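Data block below; observations after.
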Amino acid sequence: MYFKNNYDDIKNIAKKIYYQPELGYKEENTKQTIVDYLTAINPDINMNHFSTTGFRTTLGNENAEVNIAFIAELDAVYAPSHMYADEDTGAAHNCGHYTQVAIALSLYNYLYQSKAYKDLTYKFTFVFVPAEEYLDLEFREELMSQKKISHYGGKPEAMKLGVFDDIDIGICVHAIGGEFSKRTIEINCDLAGFLYKKYTFKGKATHAGFDPFSSINAYNISTLFNTAVGLSRQQLRDEENVRINPIVMDSDMSTNVIPNHITVGTDLRTKSVDYMKEVASKLDVAAKGSAIALNGEVDTKTQMGYLPFIQDRYLSEFVQQAFHDNNEIEQIWNNNAISAAGDIGDLSYMIPCIQIGYSGFTGTIHGDDFIDIDPEFIYEIFPRFLSQVIEKIDGNIDMSRIYRRTYQDYMEVIQNIVKDTDQI
């Protein structure tokens with residue numbers, strides 16, 4: 001009854017956040033909405049704050065040996081054409097993070113009000129993380145210059161600050177895009193990792209009409225590069241879900257002057273780090289070769305995004321067990337892989353993580369018309385299912401199957417990727 005009785009409050013909080021979207025590291029109103037709700041439930045709640053808008057709070061026995069995190073993301077996407085985008089910032093909740101927050105609050109309400117957390121053999125920590133979406137980078141670079149953050153993504157930043165140092169397992173949830181005829185959950189959906197490549201092609205400017213003969217056309221070099229990328233796609237492995245999307249980021253072009261520089265940027269997504277390095281090297285060769293072919297030059301810059309996310313199959317077994325005992329959810333998807341990415345991949349390098357998908361939406365995820373259409377499933381039935389997953393996990397974790405790496409280990413991996421892909 002806890003989930004049913006609390007349904008209207010949870011749905012209203014989700015709507016409030018949906019209609020007041022905020023970009024990463026700026027989620028002040030979202031955070032205040034969450035804090036107000038939690039303190040109303042538990043006036044004695046203890047919260048630990050981190051990285052501008054992030055915070056965490058723990059339920060359970062302080063002496064428990066295992067600590068499981070339930071992670072919710074606070075930020076919206078930059079999507080100014082979305083039907084409910086913020087007119088000033090362009091932010092819109094078309095990735096479903098607002099429902100993650102609502103689901104976390106529903107679960108907290110149940111565990112606290114029912115006192116069920118007192119019966120758990122482990123601690124259960126709710127972590128509200130800012131800035132999952134990899135965007136608004138100029139603002140984040142300014143925060144970096146002010147020494148307020150060190151990472152673009154909220155989870156790597158939290159990792160650096162020690163937020164997950166006492167956490168053994170991470171559980172996330174995420175909206176599944178598209179409409180479903182049956183209420184559906186998803187497990188073991190692996191995500192790609194990605195990095196950014198920026199190529200600044202350099203030429204020689206001259207008057208386009210009077211003296212194009214002595215020019216070196218930087219735009220033409222970039223065109224040759226794009227052609228090389230297009231022709232190379234047939235050599236890329238299908239099973240790696242490779243995605244490359246070159247765009248013009250900067251130039252000094254005008255119609256009467258041959259351009260002497262143009263910057264092309266692209267993300268590079270793959271399922272594995274090793275193949276990411278391999279394709280990145282191929283892109284570098286294509287860029288260098290294009291510049292040489294037309295007597296120009298190229299400067300290359302690599303910026304790491306997020307690591308690939310391989311969901312922990314052992315932990316997903318508990319979700320599957322709960323699904324088979326559940327009579328409210330009709331369908332489960334298993335073992336898909338998509339080229340979307342998230343900073344859950346970075347956290348999963350440090351501790352085992354799963355991300356459980358849930359249906360209940362219409363429109364394209366990250367699209368202009370994304371919104372929930374089955375609030376009963378999202379805000380009542382699905383949180384109740386998660387409470388059943390918690391019961392399956394309780395007392396049954398084989399700690400020999402749980403790994404841990406440090407933030408320093410993680411940074412070595414990231415630095416090596418950037419170094420290895422900047423050798424051309």
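Residues are referred to by chain and number: the chain letter is A, B, ... according to the order shown in the structure tokens, the number counts from 1 in that chain, and ligands are numbered separately from 1 in the order shown.
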
- List every residue of segment 17-160 of chain A that DSSP, applied to the backbone of this structure, places in strand (DSSP E or B), and write the result as a list in words.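 Residues meeting the strand (DSSP E or B) criterion: Asn48, His49, Phe50, Gly54, Phe55, Arg56, Thr57, Thr58, Leu59, Asn67, Ile68, Ala69, Phe70, Ile71, Ala72, Glu73, Val77, Tyr78, Ala91, Ala92, Lys123, Phe124, Thr125, Phe126, Val127, Phe128 and Val129 of chain A.
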
Per residue of segment 281-388 of chain A within 10 Å of segment 90-103 of chain A, note the shortest atom pair and the distance in Å to one decimal, counting only C-alpha atoms, and order the rows by chain and increasing residue number, as a Markdown table.
| residue | atom | partner | partner_atom | distance |
| --- | --- | --- | --- | --- |
| A:Phe361 | CA | A:Gly96 | CA | 8.7 |
| A:Gly363 | CA | A:Asn94 | CA | 8.9 |
| A:Thr364 | CA | A:Asn94 | CA | 8.1 |
| A:Ile365 | CA | A:Cys95 | CA | 5.5 |
| A:His366 | CA | A:Asn94 | CA | 4.8 |
| A:Gly367 | CA | A:Asn94 | CA | 6.3 |
| A:Asp368 | CA | A:Asn94 | CA | 7.3 |
| A:Asp369 | CA | A:Asn94 | CA | 7.7 |
| A:Phe370 | CA | A:Asn94 | CA | 5.1 |
| A:Ile371 | CA | A:Asn94 | CA | 6.9 |
| A:Asp372 | CA | A:Gly96 | CA | 8.1 |
| A:Pro375 | CA | A:Thr99 | CA | 9.3 |
| A:Ile378 | CA | A:Thr99 | CA | 7.3 |
| A:Tyr379 | CA | A:Ile103 | CA | 5.9 |
| A:Glu380 | CA | A:Ile103 | CA | 8.2 |
| A:Ile381 | CA | A:Ile103 | CA | 10.0 |
| A:Phe382 | CA | A:Ile103 | CA | 7.8 |
| A:Pro383 | CA | A:Ile103 | CA | 5.8 |
| A:Arg384 | CA | A:Ile103 | CA | 9.4 |
| A:Leu386 | CA | A:Ile103 | CA | 9.2 |

- Please, what distance in Å, to one decimal, runs between atom CA of Ile169 of chain A and atom CA of Ile402 of chain A?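 Interatomic distance here is 7.8 Å.
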
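Residues in contact range of Ile417 of chain A, defined as at most 12 Å between only C-alpha atoms, with sequence neighbours fewer than 3 positions away removed, read Gly193, Phe194, Leu195, Tyr196, Ser272, Val273, Asp274, Tyr275, Met276, Lys277, Glu278, Val279, Ala280, Ser281, Thr302, Gln303, Met304, Gly305, Tyr306, Leu307, Tyr410, Met411, Glu412, Val413, Ile414, Asp420, Thr421, Asp422 and Gln423 of chain A.
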
Can you write just those residues out, N, CA, C and O atoms, as an mmCIF file, in the first residue's frame?
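This went into again_0.cif:
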data_model
loop_
_atom_site.group_PDB
_atom_site.id
_atom_site.type_symbol
_atom_site.label_atom_id
_atom_site.label_comp_id
_atom_site.auth_asym_id
_atom_site.auth_seq_id
_atom_site.Cartn_x
_atom_site.Cartn_y
_atom_site.Cartn_z
ATOM 1 N N GLY A 193 31.105 3.165 -25.180
ATOM 2 C CA GLY A 193 31.931 4.247 -24.653
ATOM 3 C C GLY A 193 32.210 5.224 -25.780
ATOM 4 O O GLY A 193 31.965 4.931 -26.955
ATOM 5 N N PHE A 194 32.701 6.400 -25.435
ATOM 6 C CA PHE A 194 32.989 7.354 -26.499
ATOM 7 C C PHE A 194 34.119 8.292 -26.106
ATOM 8 O O PHE A 194 34.429 8.488 -24.925
ATOM 9 N N LEU A 195 34.734 8.845 -27.136
ATOM 10 C CA LEU A 195 35.667 9.953 -26.980
ATOM 11 C C LEU A 195 35.395 10.958 -28.078
ATOM 12 O O LEU A 195 34.663 10.680 -29.028
ATOM 13 N N TYR A 196 35.959 12.160 -27.919
ATOM 14 C CA TYR A 196 35.861 13.206 -28.931
ATOM 15 C C TYR A 196 37.211 13.377 -29.613
ATOM 16 O O TYR A 196 38.254 13.350 -28.966
ATOM 17 N N SER A 272 33.944 -1.441 -27.042
ATOM 18 C CA SER A 272 35.117 -1.799 -26.253
ATOM 19 C C SER A 272 36.178 -0.715 -26.343
ATOM 20 O O SER A 272 36.269 0.006 -27.346
ATOM 21 N N VAL A 273 36.994 -0.631 -25.301
ATOM 22 C CA VAL A 273 38.063 0.365 -25.260
ATOM 23 C C VAL A 273 39.120 0.057 -26.309
ATOM 24 O O VAL A 273 39.614 0.958 -26.999
ATOM 25 N N ASP A 274 39.487 -1.210 -26.462
ATOM 26 C CA ASP A 274 40.531 -1.564 -27.425
ATOM 27 C C ASP A 274 40.131 -1.163 -28.843
ATOM 28 O O ASP A 274 40.955 -0.640 -29.605
ATOM 29 N N TYR A 275 38.883 -1.406 -29.192
ATOM 30 C CA TYR A 275 38.467 -1.045 -30.552
ATOM 31 C C TYR A 275 38.318 0.469 -30.694
ATOM 32 O O TYR A 275 38.532 1.024 -31.778
ATOM 33 N N MET A 276 37.980 1.135 -29.623
ATOM 34 C CA MET A 276 37.944 2.591 -29.642
ATOM 35 C C MET A 276 39.312 3.152 -30.019
ATOM 36 O O MET A 276 39.436 4.055 -30.846
ATOM 37 N N LYS A 277 40.346 2.592 -29.392
ATOM 38 C CA LYS A 277 41.706 3.032 -29.709
ATOM 39 C C LYS A 277 42.045 2.755 -31.169
ATOM 40 O O LYS A 277 42.663 3.586 -31.854
ATOM 41 N N GLU A 278 41.651 1.591 -31.663
ATOM 42 C CA GLU A 278 41.966 1.210 -33.048
ATOM 43 C C GLU A 278 41.301 2.150 -34.047
ATOM 44 O O GLU A 278 41.940 2.630 -34.993
ATOM 45 N N VAL A 279 40.016 2.427 -33.837
ATOM 46 C CA VAL A 279 39.300 3.305 -34.774
ATOM 47 C C VAL A 279 39.800 4.741 -34.647
ATOM 48 O O VAL A 279 39.901 5.465 -35.644
ATOM 49 N N ALA A 280 40.126 5.161 -33.434
ATOM 50 C CA ALA A 280 40.667 6.510 -33.252
ATOM 51 C C ALA A 280 41.961 6.692 -34.049
ATOM 52 O O ALA A 280 42.181 7.742 -34.666
ATOM 53 N N SER A 281 42.801 5.670 -34.061
ATOM 54 C CA SER A 281 44.037 5.744 -34.838
ATOM 55 C C SER A 281 43.736 5.832 -36.332
ATOM 56 O O SER A 281 44.418 6.555 -37.072
ATOM 57 N N THR A 302 42.455 14.987 -28.570
ATOM 58 C CA THR A 302 41.576 13.922 -28.085
ATOM 59 C C THR A 302 41.015 14.298 -26.723
ATOM 60 O O THR A 302 41.752 14.741 -25.845
ATOM 61 N N GLN A 303 39.716 14.112 -26.561
ATOM 62 C CA GLN A 303 39.052 14.391 -25.282
ATOM 63 C C GLN A 303 38.235 13.173 -24.906
ATOM 64 O O GLN A 303 37.340 12.764 -25.654
ATOM 65 N N MET A 304 38.543 12.563 -23.776
ATOM 66 C CA MET A 304 37.837 11.358 -23.368
ATOM 67 C C MET A 304 36.420 11.688 -22.929
ATOM 68 O O MET A 304 36.168 12.689 -22.262
ATOM 69 N N GLY A 305 35.484 10.846 -23.327
ATOM 70 C CA GLY A 305 34.102 10.954 -22.880
ATOM 71 C C GLY A 305 33.854 9.976 -21.742
ATOM 72 O O GLY A 305 34.390 10.135 -20.649
ATOM 73 N N TYR A 306 33.078 8.919 -22.020
ATOM 74 C CA TYR A 306 32.748 7.930 -21.004
ATOM 75 C C TYR A 306 33.222 6.541 -21.434
ATOM 76 O O TYR A 306 33.307 6.236 -22.633
ATOM 77 N N LEU A 307 33.501 5.705 -20.471
ATOM 78 C CA LEU A 307 33.888 4.326 -20.744
ATOM 79 C C LEU A 307 32.665 3.501 -21.145
ATOM 80 O O LEU A 307 31.525 3.824 -20.767
ATOM 81 N N TYR A 410 41.101 4.039 -12.312
ATOM 82 C CA TYR A 410 40.242 4.599 -13.366
ATOM 83 C C TYR A 410 40.967 5.685 -14.153
ATOM 84 O O TYR A 410 40.947 5.693 -15.388
ATOM 85 N N MET A 411 41.640 6.599 -13.459
ATOM 86 C CA MET A 411 42.326 7.693 -14.132
ATOM 87 C C MET A 411 43.459 7.183 -15.011
ATOM 88 O O MET A 411 43.727 7.739 -16.092
ATOM 89 N N GLU A 412 44.135 6.142 -14.593
ATOM 90 C CA GLU A 412 45.194 5.569 -15.425
ATOM 91 C C GLU A 412 44.623 5.051 -16.743
ATOM 92 O O GLU A 412 45.225 5.233 -17.809
ATOM 93 N N VAL A 413 43.456 4.417 -16.682
ATOM 94 C CA VAL A 413 42.814 3.914 -17.896
ATOM 95 C C VAL A 413 42.455 5.061 -18.824
ATOM 96 O O VAL A 413 42.737 5.023 -20.035
ATOM 97 N N ILE A 414 41.839 6.106 -18.282
ATOM 98 C CA ILE A 414 41.429 7.252 -19.095
ATOM 99 C C ILE A 414 42.639 7.924 -19.733
ATOM 100 O O ILE A 414 42.649 8.238 -20.935
ATOM 101 N N ASP A 420 47.227 6.952 -25.970
ATOM 102 C CA ASP A 420 47.382 5.979 -27.038
ATOM 103 C C ASP A 420 46.717 6.419 -28.332
ATOM 104 O O ASP A 420 47.096 5.961 -29.413
ATOM 105 N N THR A 421 45.707 7.293 -28.240
ATOM 106 C CA THR A 421 45.012 7.737 -29.445
ATOM 107 C C THR A 421 45.514 9.087 -29.932
ATOM 108 O O THR A 421 44.935 9.668 -30.842
ATOM 109 N N ASP A 422 46.567 9.600 -29.342
ATOM 110 C CA ASP A 422 47.152 10.857 -29.787
ATOM 111 C C ASP A 422 48.590 10.665 -30.281
ATOM 112 O O ASP A 422 49.415 11.551 -30.184
ATOM 113 N N GLN A 423 48.881 9.484 -30.800
ATOM 114 C CA GLN A 423 50.232 9.168 -31.204
ATOM 115 C C GLN A 423 50.522 9.457 -32.678
ATOM 116 O O GLN A 423 51.665 9.495 -33.094
#

- Message: DSSP on the backbone: which residues in segment 291-355 of chain A end up as helix (DSSP H, G or I)? Give the answer as a VMD selection string.
- Response: chain A and resid 291 to 293 313 to 324 344 to 350

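Across the structure, atom CA of Gly265 of chain A and atom CA of Ser145 of chain A are spaced 22.4 Å apart.
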
Under the rule of at most 10 Å, produce a per-residue listing of segment 14-111 of chain A near segment 130-138 of chain A: chain, number, name, the closest pair of atoms, and the distance in Å, as a Markdown table, using only C-alpha atoms.
| residue | atom | partner | partner_atom | distance |
| --- | --- | --- | --- | --- |
| A:Glu22 | CA | A:Ala131 | CA | 9.7 |
| A:Leu23 | CA | A:Ala131 | CA | 7.1 |
| A:Gly24 | CA | A:Ala131 | CA | 3.7 |
| A:Tyr25 | CA | A:Pro130 | CA | 5.5 |
| A:Lys26 | CA | A:Pro130 | CA | 8.0 |
| A:Glu27 | CA | A:Pro130 | CA | 7.1 |
| A:Glu28 | CA | A:Pro130 | CA | 10.0 |
| A:Lys31 | CA | A:Pro130 | CA | 9.3 |
| A:Phe50 | CA | A:Pro130 | CA | 9.4 |
| A:Ser51 | CA | A:Pro130 | CA | 7.8 |
| A:Thr52 | CA | A:Pro130 | CA | 8.1 |
| A:Thr53 | CA | A:Pro130 | CA | 6.2 |
| A:Gly54 | CA | A:Pro130 | CA | 5.6 |
| A:Phe55 | CA | A:Pro130 | CA | 8.9 |
| A:Ala72 | CA | A:Pro130 | CA | 8.7 |
| A:Glu73 | CA | A:Pro130 | CA | 5.9 |
| A:Leu74 | CA | A:Pro130 | CA | 5.1 |
| A:Asp75 | CA | A:Ala131 | CA | 5.5 |
| A:Ala76 | CA | A:Glu133 | CA | 7.4 |
| A:Val77 | CA | A:Glu133 | CA | 6.5 |
| A:Tyr78 | CA | A:Leu135 | CA | 7.3 |
| A:Cys95 | CA | A:Glu133 | CA | 9.2 |
| A:His97 | CA | A:Glu132 | CA | 9.4 |

- Which polymer residues have any atom within 12 Å of an atom of Leu236 of chain A, counting only C-alpha atoms, with same-chain residues fewer than 5 positions away left out, as number ranges by chain? A: 229-231, 241-244, 268-270, 275-276, 278-280, 282-283

What's the 8 Å shell around Leu294 of chain A, counting only C-alpha atoms, without same-chain residues fewer than 3 positions away, as an mmCIF file with N, CA and C atoms, in the first residue's frame?
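Writing the result to part-v4.cif gives the following:
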data_model
loop_
_atom_site.group_PDB
_atom_site.id
_atom_site.type_symbol
_atom_site.label_atom_id
_atom_site.label_comp_id
_atom_site.auth_asym_id
_atom_site.auth_seq_id
_atom_site.Cartn_x
_atom_site.Cartn_y
_atom_site.Cartn_z
ATOM 1 N N ILE A 216 45.956 27.183 -50.037
ATOM 2 C CA ILE A 216 45.769 25.813 -49.548
ATOM 3 C C ILE A 216 44.435 25.816 -48.810
ATOM 4 N N ASN A 217 43.450 25.150 -49.372
ATOM 5 C CA ASN A 217 42.068 25.279 -48.915
ATOM 6 C C ASN A 217 41.783 24.319 -47.757
ATOM 7 N N ILE A 221 40.398 20.243 -47.452
ATOM 8 C CA ILE A 221 41.051 19.183 -46.671
ATOM 9 C C ILE A 221 40.022 18.487 -45.786
ATOM 10 N N SER A 290 44.719 13.297 -45.349
ATOM 11 C CA SER A 290 43.960 14.313 -46.088
ATOM 12 C C SER A 290 44.725 15.625 -46.126
ATOM 13 N N ALA A 291 45.345 15.988 -44.997
ATOM 14 C CA ALA A 291 46.128 17.223 -44.954
ATOM 15 C C ALA A 291 47.345 17.126 -45.869
#

- For Tyr403 of chain A, which of A:Ile185, A:Ile167, A:Ala158, A:Ile329 is the closest residue, counting only C-alpha atoms?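 Of A:Ile185, A:Ile167, A:Ala158, A:Ile329, the one nearest Tyr403 of chain A, counting only C-alpha atoms, is A:Ile167.
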
- Pairwise distance, atom CA of Ser387 of chain A with atom CA of Asn188 of chain A, equals 19.1 Å

Please tabulate, as JSON lines, the residues of segment 283-341 of chain A that come within 12 Å of segment 199-214 of chain A, each with its closest pair of atoms and the distance in Å to one decimal, counting only C-alpha atoms and ordering rows by chain, then residue number upward.
{"residue": "A:Leu283", "atom": "CA", "partner": "A:Tyr199", "partner_atom": "CA", "distance": 9.7}
{"residue": "A:Asp284", "atom": "CA", "partner": "A:Tyr199", "partner_atom": "CA", "distance": 8.5}
{"residue": "A:Val285", "atom": "CA", "partner": "A:Tyr199", "partner_atom": "CA", "distance": 11.3}
{"residue": "A:Ala286", "atom": "CA", "partner": "A:Tyr199", "partner_atom": "CA", "distance": 10.5}
{"residue": "A:Ala287", "atom": "CA", "partner": "A:Tyr199", "partner_atom": "CA", "distance": 7.2}
{"residue": "A:Lys288", "atom": "CA", "partner": "A:Phe201", "partner_atom": "CA", "distance": 9.1}
{"residue": "A:Gly289", "atom": "CA", "partner": "A:Phe201", "partner_atom": "CA", "distance": 11.3}
{"residue": "A:Ser290", "atom": "CA", "partner": "A:Phe201", "partner_atom": "CA", "distance": 9.1}
{"residue": "A:Ala291", "atom": "CA", "partner": "A:Phe201", "partner_atom": "CA", "distance": 6.9}
{"residue": "A:Ile292", "atom": "CA", "partner": "A:Phe201", "partner_atom": "CA", "distance": 10.4}
{"residue": "A:Ala293", "atom": "CA", "partner": "A:Gly203", "partner_atom": "CA", "distance": 11.9}
{"residue": "A:Leu294", "atom": "CA", "partner": "A:Gly203", "partner_atom": "CA", "distance": 8.8}
{"residue": "A:Asn295", "atom": "CA", "partner": "A:Gly203", "partner_atom": "CA", "distance": 7.7}
{"residue": "A:Gly296", "atom": "CA", "partner": "A:Gly203", "partner_atom": "CA", "distance": 5.0}
{"residue": "A:Glu297", "atom": "CA", "partner": "A:Lys202", "partner_atom": "CA", "distance": 5.0}
{"residue": "A:Val298", "atom": "CA", "partner": "A:Phe201", "partner_atom": "CA", "distance": 4.4}
{"residue": "A:Asp299", "atom": "CA", "partner": "A:Thr200", "partner_atom": "CA", "distance": 5.1}
{"residue": "A:Thr300", "atom": "CA", "partner": "A:Tyr199", "partner_atom": "CA", "distance": 4.8}
{"residue": "A:Lys301", "atom": "CA", "partner": "A:Tyr199", "partner_atom": "CA", "distance": 6.6}
{"residue": "A:Thr302", "atom": "CA", "partner": "A:Tyr199", "partner_atom": "CA", "distance": 9.0}
{"residue": "A:Gln303", "atom": "CA", "partner": "A:Tyr199", "partner_atom": "CA", "distance": 11.5}

Selected residues, N, CA, C and O atoms, written as a compact mmCIF listing (two decimals), in the first residue's frame, please.
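So out_3.txt came out as:
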# COMPACT_ATOMS: atom_id res chain seq x y z
N LEU A 283 41.08 7.19 -37.66
CA LEU A 283 40.62 8.56 -37.91
C LEU A 283 41.80 9.52 -37.99
O LEU A 283 41.84 10.42 -38.84
N ASP A 284 42.77 9.34 -37.10
CA ASP A 284 43.95 10.21 -37.12
C ASP A 284 44.72 10.07 -38.42
O ASP A 284 45.21 11.06 -38.99
N VAL A 285 44.87 8.83 -38.90
CA VAL A 285 45.57 8.59 -40.17
C VAL A 285 44.81 9.26 -41.32
O VAL A 285 45.42 9.89 -42.20
N ALA A 286 43.47 9.14 -41.31
CA ALA A 286 42.68 9.77 -42.37
C ALA A 286 42.84 11.28 -42.36
O ALA A 286 42.93 11.93 -43.41
N ALA A 287 42.89 11.87 -41.16
CA ALA A 287 43.04 13.32 -41.05
C ALA A 287 44.42 13.75 -41.53
O ALA A 287 44.55 14.72 -42.30
N LYS A 288 45.44 13.03 -41.10
CA LYS A 288 46.81 13.39 -41.50
C LYS A 288 47.00 13.20 -43.00
O LYS A 288 47.59 14.05 -43.68
N GLY A 289 46.48 12.08 -43.51
CA GLY A 289 46.60 11.82 -44.94
C GLY A 289 45.88 12.85 -45.79
O GLY A 289 46.38 13.26 -46.86
N SER A 290 44.72 13.30 -45.35
CA SER A 290 43.96 14.31 -46.09
C SER A 290 44.73 15.62 -46.13
O SER A 290 44.75 16.32 -47.16
N ALA A 291 45.35 15.99 -45.00
CA ALA A 291 46.13 17.22 -44.95
C ALA A 291 47.34 17.13 -45.87
O ALA A 291 47.64 18.06 -46.64
N ILE A 292 48.03 16.00 -45.83
CA ILE A 292 49.22 15.83 -46.68
C ILE A 292 48.83 15.86 -48.16
O ILE A 292 49.52 16.48 -48.99
N ALA A 293 47.71 15.22 -48.49
CA ALA A 293 47.30 15.13 -49.89
C ALA A 293 47.07 16.50 -50.52
O ALA A 293 47.30 16.69 -51.72
N LEU A 294 46.66 17.48 -49.72
CA LEU A 294 46.37 18.82 -50.26
C LEU A 294 47.34 19.87 -49.71
O LEU A 294 47.05 21.06 -49.70
N ASN A 295 48.51 19.40 -49.24
CA ASN A 295 49.61 20.28 -48.84
C ASN A 295 49.31 21.14 -47.62
O ASN A 295 49.88 22.21 -47.45
N GLY A 296 48.41 20.64 -46.77
CA GLY A 296 48.10 21.38 -45.55
C GLY A 296 48.65 20.68 -44.32
O GLY A 296 49.51 19.80 -44.41
N GLU A 297 48.16 21.09 -43.17
CA GLU A 297 48.57 20.52 -41.91
C GLU A 297 47.33 20.23 -41.07
O GLU A 297 46.23 20.75 -41.35
N VAL A 298 47.50 19.45 -40.02
CA VAL A 298 46.39 19.18 -39.12
C VAL A 298 46.91 19.06 -37.69
O VAL A 298 47.97 18.48 -37.45
N ASP A 299 46.19 19.67 -36.76
CA ASP A 299 46.43 19.49 -35.34
C ASP A 299 45.32 18.59 -34.79
O ASP A 299 44.13 18.80 -35.11
N THR A 300 45.69 17.63 -33.96
CA THR A 300 44.73 16.66 -33.43
C THR A 300 44.63 16.80 -31.93
O THR A 300 45.63 16.93 -31.23
N LYS A 301 43.39 16.77 -31.43
CA LYS A 301 43.15 16.81 -29.99
C LYS A 301 42.15 15.73 -29.62
O LYS A 301 41.11 15.58 -30.28
N THR A 302 42.46 14.99 -28.57
CA THR A 302 41.58 13.92 -28.09
C THR A 302 41.02 14.30 -26.72
O THR A 302 41.75 14.74 -25.85
N GLN A 303 39.72 14.11 -26.56
CA GLN A 303 39.05 14.39 -25.28
C GLN A 303 38.24 13.17 -24.91
O GLN A 303 37.34 12.76 -25.65

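Taking only C-alpha atoms, the non-local environment of Tyr349 of chain A within 10 Å (same-chain residues fewer than 2 positions away omitted) comprises Leu307, Pro308, Phe309, Ile310, Ile344, Gly345, Asp346, Leu347, Ile351, Pro352, Cys353, Tyr403, Arg404, Arg405, Thr406, Tyr407, Asp409, Tyr410 and Val413 of chain A.
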
- Shortest interatomic distance to Thr89 of chain A - which of A:Pro21, A:Val418, A:Trp333, A:Ile13, counting only C-alpha atoms: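 Result for the nearest residue to Thr89 of chain A: A:Pro21.
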